[in-house]
$ cat run38.txt   # compact mmCIF, C-alpha atoms
# COMPACT_ATOMS: atom_id res chain seq x y z
CA MET A 1 41.01 40.53 16.54
CA PRO A 2 40.80 40.01 12.80
CA GLY A 3 43.24 37.46 11.50
CA ALA A 4 43.82 35.81 14.88
CA THR A 5 44.55 32.12 14.66
CA GLY A 6 46.46 30.38 17.42
CA ALA A 7 43.93 28.94 19.85
CA PRO A 8 40.60 30.45 18.69
CA ASP A 9 38.62 28.21 21.02
CA GLY A 10 40.49 29.63 24.01
CA GLN A 11 42.18 26.32 24.73
CA VAL A 12 45.75 26.73 25.96
CA PRO A 13 48.11 24.34 24.19
CA GLU A 14 50.48 22.48 26.47
CA ILE A 15 54.18 22.69 25.61
CA GLU A 16 56.89 20.58 27.23
CA THR A 17 60.63 21.05 27.33
CA ALA A 18 63.28 18.91 28.96
CA ARG A 19 62.61 20.47 32.37
CA LEU A 20 59.38 22.46 32.06
CA ARG A 21 55.69 22.05 31.35
CA LEU A 22 53.93 25.12 29.97
CA ARG A 23 50.22 24.82 30.70
CA ALA A 24 47.05 26.81 31.28
CA HIS A 25 46.82 28.80 34.48
CA GLN A 26 44.55 27.42 37.17
CA ALA A 27 42.83 29.05 40.14
CA GLY A 28 45.12 26.99 42.35
CA ASP A 29 48.14 28.91 40.99
CA HIS A 30 47.02 32.06 42.82
CA ALA A 31 49.02 31.61 46.03
CA SER A 32 52.25 30.71 44.23
CA CYS A 33 51.80 33.48 41.68
CA THR A 34 51.17 35.96 44.51
CA ALA A 35 54.36 34.83 46.26
CA ILE A 36 56.34 35.39 43.04
CA ARG A 37 54.79 38.74 42.11
CA SER A 38 55.00 40.14 45.64
CA ASP A 39 58.75 39.53 45.82
CA PRO A 40 60.73 42.79 45.40
CA ALA A 41 63.50 40.89 43.58
CA VAL A 42 60.95 39.99 40.89
CA THR A 43 59.08 43.28 40.65
CA ARG A 44 62.00 45.72 40.71
CA HIS A 45 62.08 45.67 36.88
CA ILE A 46 58.33 45.30 36.27
CA GLY A 47 56.60 48.24 37.83
CA GLY A 48 58.90 48.60 40.81
CA ARG A 49 56.48 47.50 43.50
CA PRO A 50 55.12 44.18 44.76
CA PHE A 51 51.70 43.13 43.48
CA THR A 52 48.81 42.59 45.88
CA ALA A 53 46.90 39.32 45.97
CA GLU A 54 43.97 41.12 44.30
CA GLU A 55 46.19 42.37 41.46
CA VAL A 56 47.59 38.88 40.96
CA TRP A 57 44.08 37.40 40.81
CA LYS A 58 43.18 39.91 38.08
CA ARG A 59 46.40 39.01 36.25
CA LEU A 60 45.47 35.31 36.31
CA LEU A 61 42.05 36.17 34.88
CA GLN A 62 43.76 38.28 32.22
CA TYR A 63 46.06 35.41 31.29
CA ARG A 64 43.12 33.10 30.60
CA GLY A 65 41.14 35.84 28.86
CA LEU A 66 43.94 36.57 26.39
CA TRP A 67 43.58 33.07 24.96
CA SER A 68 39.83 33.46 24.46
CA LEU A 69 40.03 36.92 22.90
CA LEU A 70 43.26 36.79 20.90
CA GLY A 71 44.09 33.11 20.36
CA TYR A 72 47.34 33.50 22.32
CA GLY A 73 48.36 34.39 25.84
CA TYR A 74 50.49 33.36 28.78
CA TRP A 75 51.34 29.91 30.02
CA ALA A 76 51.98 28.86 33.60
CA VAL A 77 55.53 27.53 33.89
CA GLU A 78 55.77 24.35 35.93
CA GLU A 79 58.87 22.35 36.82
CA LYS A 80 58.34 18.84 35.49
CA ALA A 81 60.44 17.16 38.19
CA SER A 82 58.59 18.75 41.14
CA GLY A 83 55.27 19.84 39.62
CA ARG A 84 55.90 23.26 41.19
CA TYR A 85 54.50 26.41 39.55
CA VAL A 86 57.52 28.70 39.01
CA GLY A 87 56.26 31.53 36.83
CA ASP A 88 54.69 32.73 33.61
CA VAL A 89 55.72 33.10 29.98
CA GLY A 90 53.78 34.08 26.91
CA PHE A 91 52.41 36.71 24.59
CA ALA A 92 49.95 39.57 24.91
CA ASP A 93 48.70 42.70 23.22
CA LEU A 94 48.27 45.00 26.20
CA ALA A 95 47.41 48.16 24.23
CA ARG A 96 50.30 49.93 25.93
CA GLU A 97 50.61 53.67 25.42
CA LEU A 98 54.14 53.41 24.12
CA GLN A 99 56.08 54.60 21.11
CA PRO A 100 56.66 52.76 18.91
CA SER A 101 53.14 51.39 19.08
CA LEU A 102 53.07 47.65 19.73
CA ARG A 103 49.44 47.29 18.59
CA GLY A 104 48.88 44.10 16.65
CA MET A 105 52.24 42.69 17.67
CA LEU A 106 52.87 39.73 19.93
CA GLU A 107 54.48 41.13 23.07
CA CYS A 108 56.52 38.41 24.70
CA GLY A 109 57.05 38.39 28.46
CA TRP A 110 58.29 36.20 31.27
CA VAL A 111 58.33 36.28 35.06
CA LEU A 112 59.94 33.55 37.15
CA ALA A 113 60.31 32.84 40.86
CA PRO A 114 63.59 34.04 42.39
CA GLN A 115 64.33 30.47 43.51
CA VAL A 116 64.78 29.46 39.86
CA HIS A 117 66.65 32.52 38.62
CA GLY A 118 69.95 31.54 37.02
CA LYS A 119 68.81 28.02 36.07
CA GLY A 120 68.08 28.89 32.44
CA TYR A 121 64.33 28.32 32.81
CA ALA A 122 63.41 31.67 31.24
CA SER A 123 65.58 30.97 28.19
CA GLU A 124 64.18 27.44 27.94
CA ALA A 125 60.57 28.64 28.16
CA VAL A 126 60.99 31.49 25.67
CA ALA A 127 62.79 29.14 23.25
CA ALA A 128 59.80 26.77 23.51
CA ILE A 129 57.12 29.36 22.77
CA ALA A 130 58.93 31.21 19.96
CA PRO A 131 58.39 28.43 17.37
CA TRP A 132 54.72 28.19 18.40
CA ALA A 133 54.27 31.93 17.69
CA ASP A 134 56.18 31.67 14.41
CA LEU A 135 53.92 28.85 13.25
CA GLN A 136 50.62 30.35 14.44
CA PHE A 137 51.33 33.98 13.53
CA PRO A 138 54.00 33.96 10.80
CA ASP A 139 53.25 37.52 9.66
CA ARG A 140 53.21 39.15 13.10
CA ARG A 141 56.17 40.91 14.69
CA VAL A 142 57.18 39.56 18.09
CA VAL A 143 58.50 42.14 20.54
CA CYS A 144 59.38 42.51 24.20
CA ILE A 145 60.03 45.49 26.44
CA ILE A 146 62.75 45.39 29.06
CA ALA A 147 64.09 47.87 31.62
CA PRO A 148 67.64 48.85 30.54
CA GLU A 149 69.11 47.73 33.88
CA ASN A 150 67.54 44.24 33.63
CA GLN A 151 70.58 42.55 32.14
CA ALA A 152 69.30 39.03 32.89
CA SER A 153 66.16 39.56 30.78
CA ILE A 154 68.16 41.23 28.03
CA ARG A 155 70.32 38.07 27.85
CA VAL A 156 67.17 35.88 27.70
CA ALA A 157 65.77 38.02 24.88
CA GLU A 158 69.01 37.97 22.90
CA LYS A 159 69.33 34.17 23.23
CA ALA A 160 65.81 33.90 21.75
CA GLY A 161 66.78 36.03 18.75
CA PHE A 162 65.46 39.39 19.91
CA ARG A 163 67.49 42.44 18.93
CA LEU A 164 67.20 45.99 20.18
CA TRP A 165 64.66 47.78 18.01
CA GLN A 166 64.59 51.13 19.77
CA PRO A 167 64.71 52.81 23.15
CA SER A 168 61.47 54.22 24.52
CA THR A 169 59.77 55.39 27.69
CA TYR A 170 56.95 53.58 29.46
CA HIS A 171 55.26 55.01 32.57
CA ASP A 172 57.97 57.68 32.73
CA SER A 173 60.74 55.07 32.89
CA PRO A 174 63.34 54.25 30.24
CA THR A 175 62.40 51.10 28.35
CA LEU A 176 64.11 49.11 25.62
CA VAL A 177 61.94 47.64 22.87
CA PHE A 178 63.32 44.44 21.33
CA SER A 179 62.06 42.69 18.19
CA ARG A 180 62.66 39.29 16.59

$ encode --input "run38.txt" --output "structure tokens"
Amino acid sequence: MPGATGAPDGQVPEIETARLRLRAHQAGDHASCTAIRSDPAVTRHIGGRPFTAEEVWKRLLQYRGLWSLLGYGYWAVEEKASGRYVGDVGFADLARELQPSLRGMLECGWVLAPQVHGKGYASEAVAAIAPWADLQFPDRRVVCIIAPENQASIRVAEKAGFRLWQPSTYHDSPTLVFSR
């Protein structure tokens, strides 16, 4: 993509917070990622159905490929205290067929294991990656899409400075588009 900076060599920068390590995804994350993305409590707001192990494998490949193609992507979220993989956070341009068009914008997203819901990990991870995006892509809009009933993610977005931009529809479901 013209004008991409970030990590042009495809290397995923590591970011640490008080409780989390954000790092590159590894093949060994597959089983844990499958457990997270096959949990109905996780997927009820992101597609509405559990992911298969094959779909998760493709997602892990996509995560690494984003960094090589765009200079940004998703990080694996790891608890520093336990070393346990607990989810994903990052940015993408998924060429969604959505209005308003998000083309060329950094679409922020996060998915965490149900065992860590309510611990503030999503807010901590998003707060850690927002300054990275601001520094690497100062002229790019950062957005996220959230199902209207997903109040927990709306709170995470608002804590990170996202504000409702406009309502939309994605895959025939109501969707809120936030911008920061």

$ closest_residue --input "run38.txt" --among "A:Ala53, A:Leu61, A:Ala81, A:Val143" --to "A:Thr17" --atoms "all atoms listed in the file"
A:Ala81

$ residues_around --input "run38.txt" --residues "stretch 119-126 of chain A" --least-positions-apart "2" --cutoff "12 Å" --atoms "all atoms listed in the file" --output "ChimeraX atom specification"
/A:14-23,74-80,86-91,107-117,128-133,142,144,152-162

$ axis_aligned_box --input "run38.txt" --around "stretch 46-59 of chain A" --padding-each-side "3 Å" --output "AutoDock Vina command-line options"
--center_x 51.0 --center_y 43.0 --center_z 41.1 --size_x 21.7 --size_y 17.2 --size_z 15.7

$ closest_residue --input "run38.txt" --among "A:Arg84, A:His30, A:His171, A:Arg141" --to "A:Lys58" --atoms "all atoms listed in the file"
A:His30

$ atom_distance --input "run38.txt" --atom1 "atom CA of A:Thr175" --atom2 "atom CA of A:Pro100"
11.2 Å

$ closest_residue --input "run38.txt" --among "A:Leu164, A:Leu176, A:Ala41, A:Leu70" --to "A:Phe137" --atoms "only C-alpha atoms"
A:Leu70

$ closest_residue --input "run38.txt" --among "A:Val56, A:Gly73, A:Ser38, A:Gln26" --to "A:Val12" --atoms "only C-alpha atoms"
A:Gly73

$ closest_residue --input "run38.txt" --among "A:Ser179, A:Asn150, A:Gln166, A:Gly28" --to "A:Tyr85" --atoms "all atoms listed in the file"
A:Gly28

$ closest_residue --input "run38.txt" --among "A:Arg64, A:Pro167, A:Glu55, A:Gly83" --to "A:Pro13" --atoms "only C-alpha atoms"
A:Arg64
